[in-house]
Amino acid sequence: MSRRIFNLTRLRDVYIDSSLFRNSAWEVFLTLYLKREEQLQVSLASICIDIRLSEADGQDALNQLSAAGLVRLEDNPSGEGPQIIDLTDQGRQRMDAFIGAAERASKA
C-alpha cells in the first residue's frame with residue numbers, strides 16, 4: 001500500500017505541475033517510510049534525489065518532521081559519510097496507522 005500511495009503522489013507530475021501542490025514534509029515522510037520498508041538507509045541527499053527536491057527544501061521538511069517527533073538523524077554506522085535519517089517509533093506507528101486506514105478504505 002505504501003508503494004501505491006507513493007506512486008499516486010508521483011502521478012501529480014504527469015497531470016498537474018506538482019510545484020503548485022508540493023508538500024515536502026509529506027513526501028519526505030512517505031519516501032522515508034517506503035525506504036525503511038525496503039530496509040534501505042536514507043540520507044538527506046538520497047531522499048532529495050528520489051523525490052526531486054532541493055536539499056534546502058529537504059532540510060526544511062526534515063526539520064519539521066523532527067520537531068514533530070516523527071524522524072531522527074543518526075550517525076552513519078560506517079563512521080563516515082552523511083547522517084542517516086530514520087523514522088522514530090512514533091513516526092512508524094503513525095504511518096502504519098495511516099497505511100492501515102488507507103487499506104481499509106480501499107476495501108470499502
# chains A, B, ... in the order shown; residues from 1 in each chain; ligands from 1
$ residues_around --residues "range 93-106 of chain A" --least-positions-apart "4" --cutoff "7 Å" --atoms "only C-alpha atoms" --output "ChimeraX atom specification"
/A:1-2,89
$ residues_around --residues "range 32-35 of chain A" --least-positions-apart "2" --cutoff "10 Å" --atoms "only C-alpha atoms" --output "list in words"
Met1, Ser2, Arg3, Ile5, Phe6, Trp26, Glu27, Val28, Phe29, Leu30, Glu37, Glu38, Gln39, Leu40, Gln41, Val42, Ser43, Ile47, Val71, Ile85, Asp86, Leu87, Gly91, Arg92, Met95 and Asp96 of chain A
$ write_last_selection --atoms "C-alpha atoms" --output "compact mmCIF listing (two decimals), in the first residue's frame"
# COMPACT_ATOMS: atom_id res chain seq x y z
CA MET A 1 0.00 0.00 0.00
CA SER A 2 2.82 2.44 0.78
CA ARG A 3 4.27 1.92 -2.70
CA ILE A 5 0.42 5.82 -2.25
CA PHE A 6 3.94 6.86 -3.26
CA TRP A 26 4.77 14.61 3.43
CA GLU A 27 6.89 13.46 0.51
CA VAL A 28 9.98 13.08 2.68
CA PHE A 29 8.00 11.19 5.33
CA LEU A 30 6.35 8.85 2.83
CA GLU A 37 10.16 -1.00 4.48
CA GLU A 38 12.79 -1.90 1.89
CA GLN A 39 15.44 -1.84 4.66
CA LEU A 40 17.44 0.84 2.89
CA GLN A 41 19.45 3.54 4.61
CA VAL A 42 18.48 7.08 3.70
CA SER A 43 20.50 10.27 3.75
CA ILE A 47 15.92 11.28 -0.38
CA VAL A 71 12.09 11.26 12.29
CA ILE A 85 17.58 9.62 8.52
CA ASP A 86 15.25 7.15 10.21
CA LEU A 87 11.71 7.09 11.48
CA GLY A 91 6.75 8.01 13.10
CA ARG A 92 6.46 4.32 12.22
CA MET A 95 2.44 5.86 9.19
CA ASP A 96 1.43 2.25 9.92
$ closest_residue --among "A:Asp50, A:Arg4, A:Asp75, A:Ser24" --to "Asn63 in chain A" --atoms "only C-alpha atoms"
A:Ser24
$ select_by_dssp --residues "range 19-100 of chain A" --states "strand (DSSP E or B)" --output "PyMOL selection string"
chain A and resi 42+71-74+84-87
$ residues_around --residues "Cys48 in chain A" --least-positions-apart "4" --cutoff "9 Å" --atoms "only C-alpha atoms" --output "PDB file with C-alpha atoms, in the first residue's frame"
ATOM      1  CA  VAL A  28       9.978  13.080   2.684  1.00  0.00           C
ATOM      2  CA  SER A  43      20.497  10.270   3.753  1.00  0.00           C
ATOM      3  CA  LEU A  44      19.199  13.746   3.057  1.00  0.00           C
ATOM      4  CA  ARG A  52      13.467  15.737  -6.935  1.00  0.00           C
ATOM      5  CA  LEU A  53      13.693  18.166  -4.042  1.00  0.00           C
ATOM      6  CA  SER A  54      16.391  20.715  -3.297  1.00  0.00           C
ATOM      7  CA  GLU A  55      18.499  19.904  -0.257  1.00  0.00           C
ATOM      8  CA  ASP A  57      13.697  22.182   0.986  1.00  0.00           C
ATOM      9  CA  GLY A  58      14.556  18.661   2.130  1.00  0.00           C
TER      10      GLY A  58
END
$ atom_distance --atom1 "CA of Thr31 in chain A" --atom2 "CA of Gln59 in chain A"
14.2 Å
$ select_by_dssp --residues "chain A" --states "helix (DSSP H, G or I)" --output "PyMOL selection string"
chain A and resi 2-10+12-15+18-20+24-37+44-50+55-67+89-107
$ closest_residue --among "A:Ala25, A:Ile51, A:Ala45, A:Ile84" --to "Ala67 in chain A" --atoms "only C-alpha atoms"
A:Ala25
